[in-house]
$ cat start22.csv   # CSV, N, CA, C and O atoms
chain,number,residue,atom,x,y,z
P,1459,MET,N,13.9,36.2,6.3
P,1459,MET,CA,12.9,35.1,6.1
P,1459,MET,C,12.2,34.9,7.4
P,1459,MET,O,12.8,34.8,8.4
P,1460,LYS,N,10.9,34.9,7.3
P,1460,LYS,CA,10.1,34.7,8.5
P,1460,LYS,C,10.1,33.2,8.9
P,1460,LYS,O,10.4,32.3,8.1
P,1461,PRO,N,9.9,33.0,10.2
P,1461,PRO,CA,10.0,31.6,10.7
P,1461,PRO,C,8.9,30.7,10.0
P,1461,PRO,O,7.8,31.2,9.8
P,1462,PRO,N,9.3,29.5,9.6
P,1462,PRO,CA,8.3,28.6,8.9
P,1462,PRO,C,7.3,28.1,9.9
P,1462,PRO,O,7.5,28.1,11.1
P,1463,PRO,N,6.1,27.8,9.4
P,1463,PRO,CA,5.0,27.2,10.3
P,1463,PRO,C,5.5,25.9,10.9
P,1463,PRO,O,6.3,25.2,10.3
P,1464,LYS,N,4.9,25.6,12.0
P,1464,LYS,CA,5.2,24.3,12.7
P,1464,LYS,C,4.4,23.2,12.0
P,1464,LYS,O,3.1,23.3,12.0
P,1465,ARG,N,5.0,22.2,11.5
P,1465,ARG,CA,4.3,21.1,10.8
P,1465,ARG,C,5.1,19.8,11.2
P,1465,ARG,O,6.2,19.8,11.5
P,1466,SER,N,4.3,18.7,11.0
P,1466,SER,CA,5.0,17.4,11.2
P,1466,SER,C,5.8,17.1,9.9
P,1466,SER,O,5.6,17.7,8.9
P,1467,ALA,N,6.7,16.1,10.0
P,1467,ALA,CA,7.5,15.7,8.8
P,1467,ALA,C,6.6,15.2,7.7
P,1467,ALA,O,6.8,15.5,6.5
P,1468,VAL,N,5.5,14.5,8.1
P,1468,VAL,CA,4.5,14.1,7.0
P,1468,VAL,C,3.9,15.3,6.3
P,1468,VAL,O,3.8,15.3,5.1
P,1469,GLU,N,3.5,16.3,7.1
P,1469,GLU,CA,2.8,17.5,6.5
P,1469,GLU,C,3.8,18.2,5.7
P,1469,GLU,O,3.4,18.7,4.6
P,1470,TRP,N,5.1,18.4,6.1
P,1470,TRP,CA,6.1,19.0,5.3
P,1470,TRP,C,6.2,18.3,4.0
P,1470,TRP,O,6.3,18.9,2.9
P,1471,PHE,N,6.3,17.0,4.0
P,1471,PHE,CA,6.5,16.2,2.8
P,1471,PHE,C,5.3,16.3,1.9
P,1471,PHE,O,5.5,16.5,0.7
P,1472,GLU,N,4.1,16.2,2.4
P,1472,GLU,CA,2.9,16.3,1.5
P,1472,GLU,C,2.9,17.7,0.9
P,1472,GLU,O,2.5,17.9,-0.3
P,1473,GLN,N,3.1,18.8,1.7
P,1473,GLN,CA,3.1,20.1,1.1
P,1473,GLN,C,4.2,20.3,0.1
P,1473,GLN,O,4.1,21.0,-0.9
P,1474,ALA,N,5.4,19.7,0.4
P,1474,ALA,CA,6.5,19.8,-0.6
P,1474,ALA,C,6.2,19.2,-1.9
P,1474,ALA,O,6.5,19.8,-3.0
P,1475,ALA,N,5.5,18.1,-1.9
P,1475,ALA,CA,5.1,17.4,-3.1
P,1475,ALA,C,4.1,18.3,-3.9
P,1475,ALA,O,4.2,18.4,-5.1
P,1476,ASP,N,3.1,18.9,-3.1
P,1476,ASP,CA,2.1,19.7,-3.8
P,1476,ASP,C,2.8,21.0,-4.4
P,1476,ASP,O,2.5,21.3,-5.5
P,1477,TRP,N,3.7,21.6,-3.6
P,1477,TRP,CA,4.3,22.8,-4.1
P,1477,TRP,C,5.2,22.5,-5.3
P,1477,TRP,O,5.4,23.3,-6.2
P,1478,TYR,N,5.8,21.3,-5.3
P,1478,TYR,CA,6.7,20.9,-6.4
P,1478,TYR,C,6.0,21.0,-7.7
P,1478,TYR,O,6.5,21.4,-8.8
P,1479,VAL,N,4.7,20.5,-7.7
P,1479,VAL,CA,3.9,20.4,-8.9
P,1479,VAL,C,3.2,21.7,-9.2
P,1479,VAL,O,3.4,22.3,-10.3
P,1480,SER,N,2.5,22.3,-8.2
P,1480,SER,CA,1.7,23.5,-8.4
P,1480,SER,C,2.5,24.8,-8.5
P,1480,SER,O,2.1,25.7,-9.1
P,1481,GLY,N,3.7,24.8,-7.9
P,1481,GLY,CA,4.5,25.9,-7.8
P,1481,GLY,C,5.7,25.9,-8.8
P,1481,GLY,O,6.7,26.6,-8.6
P,1482,HIS,N,5.6,25.0,-9.8
P,1482,HIS,CA,6.7,25.0,-10.8
P,1482,HIS,C,8.0,24.7,-10.2
P,1482,HIS,O,8.9,25.6,-10.2
P,1483,GLN,N,8.1,23.6,-9.5
P,1483,GLN,CA,9.3,23.2,-8.7
P,1483,GLN,C,9.5,24.3,-7.6
P,1483,GLN,O,10.6,24.6,-7.2
P,1484,GLY,N,8.4,24.6,-7.0
P,1484,GLY,CA,8.4,25.6,-5.9
P,1484,GLY,C,8.7,25.0,-4.5
P,1484,GLY,O,8.5,23.8,-4.3
P,1485,CYS,N,9.1,25.9,-3.7
P,1485,CYS,CA,9.5,25.5,-2.3
P,1485,CYS,C,8.4,25.9,-1.3
P,1485,CYS,O,8.1,27.1,-1.2
P,1486,VAL,N,8.0,24.9,-0.5
P,1486,VAL,CA,6.9,25.2,0.5
P,1486,VAL,C,7.5,26.0,1.6
P,1486,VAL,O,6.8,26.7,2.3
P,1487,CYS,N,8.8,26.0,1.8
P,1487,CYS,CA,9.4,26.7,2.9
P,1487,CYS,C,9.7,28.1,2.6
P,1487,CYS,O,9.3,29.0,3.4
P,1488,CYS,N,10.4,28.4,1.5
P,1488,CYS,CA,10.8,29.8,1.2
P,1488,CYS,C,9.9,30.5,0.2
P,1488,CYS,O,9.9,31.7,0.0
P,1489,GLY,N,9.1,29.7,-0.6
P,1489,GLY,CA,8.2,30.2,-1.6
P,1489,GLY,C,8.8,30.5,-2.9
P,1489,GLY,O,8.1,30.9,-3.9
P,1490,ALA,N,10.1,30.2,-3.1
P,1490,ALA,CA,10.8,30.4,-4.4
P,1490,ALA,C,10.3,29.4,-5.4
P,1490,ALA,O,9.8,28.3,-5.0
P,1491,GLN,N,10.5,29.7,-6.7
P,1491,GLN,CA,10.1,28.8,-7.8
P,1491,GLN,C,11.3,28.4,-8.5
P,1491,GLN,O,12.3,29.0,-8.5
P,1492,HIS,N,11.2,27.2,-9.2
P,1492,HIS,CA,12.2,26.7,-10.1
P,1492,HIS,C,13.5,26.4,-9.3
P,1492,HIS,O,14.6,26.6,-9.8
P,1493,CYS,N,13.4,25.9,-8.1
P,1493,CYS,CA,14.6,25.7,-7.2
P,1493,CYS,C,14.5,24.4,-6.5
P,1493,CYS,O,15.5,24.1,-5.8
P,1494,VAL,N,13.5,23.6,-6.6
P,1494,VAL,CA,13.3,22.4,-5.8
P,1494,VAL,C,13.7,21.2,-6.8
P,1494,VAL,O,13.2,21.1,-7.9
P,1495,PHE,N,14.5,20.3,-6.2
P,1495,PHE,CA,14.9,19.1,-6.9
P,1495,PHE,C,14.1,17.9,-6.3
P,1495,PHE,O,14.1,17.8,-5.1
P,1496,GLN,N,13.6,17.0,-7.1
P,1496,GLN,CA,13.0,15.8,-6.6
P,1496,GLN,C,13.9,14.7,-7.0
P,1496,GLN,O,14.4,14.6,-8.1
P,1497,SER,N,14.3,13.9,-6.0
P,1497,SER,CA,15.1,12.8,-6.3
P,1497,SER,C,14.6,11.5,-5.7
P,1497,SER,O,13.9,11.5,-4.6
P,1498,GLU,N,14.9,10.4,-6.3
P,1498,GLU,CA,14.6,9.1,-5.8
P,1498,GLU,C,15.9,8.3,-5.7
P,1498,GLU,O,16.6,8.1,-6.6
P,1499,TRP,N,16.1,7.8,-4.5
P,1499,TRP,CA,17.3,7.0,-4.2
P,1499,TRP,C,16.8,5.7,-3.6
P,1499,TRP,O,16.4,5.6,-2.4
P,1500,CYS,N,16.8,4.6,-4.4
P,1500,CYS,CA,16.4,3.3,-3.9
P,1500,CYS,C,14.9,3.4,-3.4
P,1500,CYS,O,14.0,3.5,-4.1
P,1501,HIS,N,14.8,3.4,-2.1
P,1501,HIS,CA,13.5,3.4,-1.5
P,1501,HIS,C,13.1,4.8,-0.8
P,1501,HIS,O,12.2,4.9,0.0
P,1502,ARG,N,13.9,5.9,-1.2
P,1502,ARG,CA,13.6,7.2,-0.6
P,1502,ARG,C,13.3,8.2,-1.7
P,1502,ARG,O,14.0,8.3,-2.7
P,1503,LEU,N,12.2,9.0,-1.4
P,1503,LEU,CA,11.8,10.1,-2.3
P,1503,LEU,C,12.1,11.4,-1.5
P,1503,LEU,O,11.6,11.5,-0.4
P,1504,GLU,N,12.8,12.3,-2.1
P,1504,GLU,CA,13.1,13.5,-1.4
P,1504,GLU,C,12.9,14.8,-2.3
P,1504,GLU,O,13.0,14.7,-3.5
P,1505,TYR,N,12.5,15.9,-1.6
P,1505,TYR,CA,12.4,17.2,-2.2
P,1505,TYR,C,13.4,18.1,-1.5
P,1505,TYR,O,13.4,18.1,-0.3
P,1506,TYR,N,14.3,18.7,-2.3
P,1506,TYR,CA,15.3,19.6,-1.8
P,1506,TYR,C,15.3,20.9,-2.4
P,1506,TYR,O,15.3,21.0,-3.7
P,1507,CYS,N,15.3,22.0,-1.6
P,1507,CYS,CA,15.4,23.4,-2.2
P,1507,CYS,C,16.8,23.9,-2.1
P,1507,CYS,O,17.4,24.0,-1.1
P,1508,ALA,N,17.3,24.3,-3.3
P,1508,ALA,CA,18.7,24.8,-3.4
P,1508,ALA,C,18.8,26.3,-2.9
P,1508,ALA,O,19.9,26.8,-2.7
P,1509,VAL,N,17.7,26.9,-2.7
P,1509,VAL,CA,17.7,28.3,-2.3
P,1509,VAL,C,17.8,28.4,-0.8
P,1509,VAL,O,18.6,29.1,-0.2
P,1510,CYS,N,16.9,27.7,0.0
P,1510,CYS,CA,16.9,27.8,1.4
P,1510,CYS,C,17.4,26.6,2.2
P,1510,CYS,O,17.4,26.6,3.4
P,1511,ASP,N,17.7,25.5,1.5
P,1511,ASP,CA,18.3,24.3,2.1
P,1511,ASP,C,17.2,23.5,2.7
P,1511,ASP,O,17.5,22.6,3.6
P,1512,PHE,N,15.9,23.6,2.4
P,1512,PHE,CA,14.8,22.8,2.9
P,1512,PHE,C,14.9,21.4,2.3
P,1512,PHE,O,15.3,21.3,1.1
P,1513,SER,N,14.6,20.4,3.1
P,1513,SER,CA,14.5,19.1,2.6
P,1513,SER,C,13.4,18.3,3.3
P,1513,SER,O,13.2,18.5,4.5
P,1514,ALA,N,12.7,17.5,2.5
P,1514,ALA,CA,11.6,16.6,3.0
P,1514,ALA,C,11.7,15.3,2.3
P,1514,ALA,O,11.9,15.3,1.1
P,1515,CYS,N,11.7,14.2,3.0
P,1515,CYS,CA,11.8,12.9,2.3
P,1515,CYS,C,11.0,11.9,3.0
P,1515,CYS,O,10.6,12.0,4.2
P,1516,HIS,N,10.7,10.9,2.2
P,1516,HIS,CA,9.9,9.7,2.7
P,1516,HIS,C,10.6,8.5,2.4
P,1516,HIS,O,11.0,8.2,1.2
P,1517,ASP,N,10.9,7.7,3.4
P,1517,ASP,CA,11.5,6.4,3.2
P,1517,ASP,C,10.4,5.4,3.0
P,1517,ASP,O,9.7,5.1,3.9
P,1518,LEU,N,10.3,4.9,1.8
P,1518,LEU,CA,9.2,4.0,1.4
P,1518,LEU,C,9.3,2.6,2.0
P,1518,LEU,O,8.3,2.0,2.3
P,1519,ARG,N,10.5,2.2,2.4
P,1519,ARG,CA,10.7,0.9,3.0
P,1519,ARG,C,10.2,0.9,4.4
P,1519,ARG,O,9.6,0.0,4.8
P,1520,THR,N,10.6,1.9,5.2
P,1520,THR,CA,10.2,2.0,6.6
P,1520,THR,C,8.9,2.8,6.9
P,1520,THR,O,8.4,2.8,8.0
P,1521,ASP,N,8.5,3.6,5.9
P,1521,ASP,CA,7.4,4.5,5.9
P,1521,ASP,C,7.6,5.6,6.9
P,1521,ASP,O,6.7,6.2,7.5
P,1522,HIS,N,8.9,6.0,7.1
P,1522,HIS,CA,9.3,7.1,8.0
P,1522,HIS,C,9.4,8.4,7.1
P,1522,HIS,O,9.8,8.3,5.9
P,1523,TYR,N,9.1,9.5,7.7
P,1523,TYR,CA,9.2,10.8,7.0
P,1523,TYR,C,10.2,11.7,7.8
P,1523,TYR,O,10.3,11.6,9.0
P,1524,TYR,N,10.9,12.5,7.1
P,1524,TYR,CA,11.9,13.4,7.6
P,1524,TYR,C,11.8,14.7,7.0
P,1524,TYR,O,11.6,14.8,5.8
P,1525,ALA,N,12.0,15.8,7.7
P,1525,ALA,CA,12.0,17.1,7.2
P,1525,ALA,C,13.0,18.0,7.9
P,1525,ALA,O,13.1,17.9,9.1
P,1526,THR,N,13.7,18.8,7.2
P,1526,THR,CA,14.6,19.8,7.7
P,1526,THR,C,14.3,21.1,7.1
P,1526,THR,O,14.3,21.3,5.9
P,1527,VAL,N,13.9,22.1,8.0
P,1527,VAL,CA,13.6,23.4,7.5
P,1527,VAL,C,14.9,24.1,7.2
P,1527,VAL,O,15.8,24.1,8.0
P,1528,GLY,N,14.9,24.8,6.0
P,1528,GLY,CA,16.1,25.5,5.6
P,1528,GLY,C,16.5,26.7,6.5
P,1528,GLY,O,15.6,27.2,7.1
P,1529,ASP,N,17.7,27.1,6.4
P,1529,ASP,CA,18.2,28.2,7.2
P,1529,ASP,C,18.3,29.5,6.3
P,1529,ASP,O,18.7,30.5,6.8
P,1530,GLY,N,17.9,29.4,5.0
P,1530,GLY,CA,17.9,30.5,4.1
P,1530,GLY,C,19.2,30.7,3.5
P,1530,GLY,O,19.4,31.6,2.7
P,1531,HIS,N,20.2,29.8,3.7
P,1531,HIS,CA,21.5,29.9,3.1
P,1531,HIS,C,21.8,28.6,2.3
P,1531,HIS,O,22.7,27.9,2.7
P,1532,GLY,N,21.1,28.4,1.3
P,1532,GLY,CA,21.2,27.2,0.5
P,1532,GLY,C,22.5,27.2,-0.3
P,1532,GLY,O,23.3,28.1,-0.3
P,1533,LEU,N,22.6,26.1,-1.1
P,1533,LEU,CA,23.8,25.9,-1.9
P,1533,LEU,C,24.0,27.0,-3.0
P,1533,LEU,O,25.2,27.3,-3.3
P,1534,LEU,N,22.9,27.6,-3.5
P,1534,LEU,CA,23.1,28.6,-4.5
P,1534,LEU,C,23.9,29.8,-4.1
P,1534,LEU,O,24.7,30.3,-4.8
P,1535,GLY,N,23.7,30.2,-2.8
P,1535,GLY,CA,24.5,31.3,-2.3
P,1535,GLY,C,26.0,31.0,-2.2
P,1535,GLY,O,26.8,31.8,-2.5
P,1536,VAL,N,26.3,29.7,-1.9
P,1536,VAL,CA,27.7,29.4,-1.9
P,1536,VAL,C,28.3,29.4,-3.3
P,1536,VAL,O,29.4,29.8,-3.5
P,1537,VAL,N,27.5,28.8,-4.3
P,1537,VAL,CA,28.0,28.7,-5.6
P,1537,VAL,C,28.1,30.1,-6.3
P,1537,VAL,O,29.1,30.4,-7.0
P,1538,LEU,N,27.2,31.0,-6.0
P,1538,LEU,CA,27.2,32.3,-6.7
P,1538,LEU,C,28.0,33.4,-6.0
P,1538,LEU,O,28.1,34.5,-6.6
P,1539,GLU,N,28.4,33.2,-4.8
P,1539,GLU,CA,29.2,34.2,-4.2
P,1539,GLU,C,30.6,34.3,-4.8
P,1539,GLU,O,31.2,33.3,-5.2
P,1540,PRO,N,31.1,35.6,-5.0
P,1540,PRO,CA,32.4,35.7,-5.6
P,1540,PRO,C,33.5,35.2,-4.7
P,1540,PRO,O,33.3,35.2,-3.4
P,1541,GLU,N,34.6,34.8,-5.2
P,1541,GLU,CA,35.7,34.3,-4.4
P,1541,GLU,C,36.3,35.5,-3.7
P,1541,GLU,O,36.5,36.6,-4.3
P,1542,ALA,N,36.7,35.2,-2.5
P,1542,ALA,CA,37.5,36.3,-1.7
P,1542,ALA,C,38.9,36.3,-2.2
P,1542,ALA,O,39.5,35.3,-2.5
P,1543,VAL,N,39.4,37.5,-2.4
P,1543,VAL,CA,40.8,37.6,-2.9
P,1543,VAL,C,41.8,37.9,-1.8
P,1543,VAL,O,41.5,38.5,-0.8

$ encode --input "start22.csv" --output "structure tokens"
Amino acid sequence: MKPPPKRSAVEWFEQAADWYVSGHQGCVCCGAQHCVFQSEWCHRLEYYCAVCDFSACHDLRTDHYYATVGDGHGLLGVVLEPEAV
């Protein structure tokens, strides 16, 4: 996976929201489709990619933005890997 572009947390969040809609639950970080979950927890809106572990959220109460670029080893890899014997 190539290094992601440098963006502010606000830019990551805005791009994540756009990709979620236009990319059919697509991920702005890894480019995969049908892998991003949108969740609302009280005053926080978050986009999370299960493929690359990318996350961007907006705290509506404080108006702070947070973004974590995925490492390419999301939860799906853990779930789908066979058990070691």

$ residues_around --input "start22.csv" --residues "Thr1526 (chain P)" --least-positions-apart "3" --cutoff "6 Å" --atoms "only N, CA, C and O atoms" --output "PyMOL selection string"
chain P and resi 1511-1514

$ atom_distance --input "start22.csv" --atom1 "CA of Thr1520 (chain P)" --atom2 "CA of Arg1502 (chain P)"
9.5 Å

$ residues_around --input "start22.csv" --residues "Asp1517 (chain P)" --least-positions-apart "2" --cutoff "6 Å" --atoms "all atoms listed in the file" --output "PyMOL selection string"
chain P and resi 1501-1503+1515+1519-1523

$ residues_near_point --input "start22.csv" --point "(7.5, 18.9, 5.4)" --cutoff "10 Å" --atoms "only C-alpha atoms" --output "PyMOL selection string"
chain P and resi 1463-1475+1486-1487+1505+1512-1516+1523-1527

$ closest_residue --input "start22.csv" --among "P:Leu1518, P:Tyr1478, P:Cys1488, P:Gln1483" --to "Cys1500 (chain P)" --atoms "all atoms listed in the file"
P:Leu1518

$ atom_distance --input "start22.csv" --atom1 "CA of Trp1499 (chain P)" --atom2 "CA of Gly1528 (chain P)"
21.0 Å

$ atom_distance --input "start22.csv" --atom1 "CA of Val1494 (chain P)" --atom2 "CA of Tyr1506 (chain P)"
5.3 Å
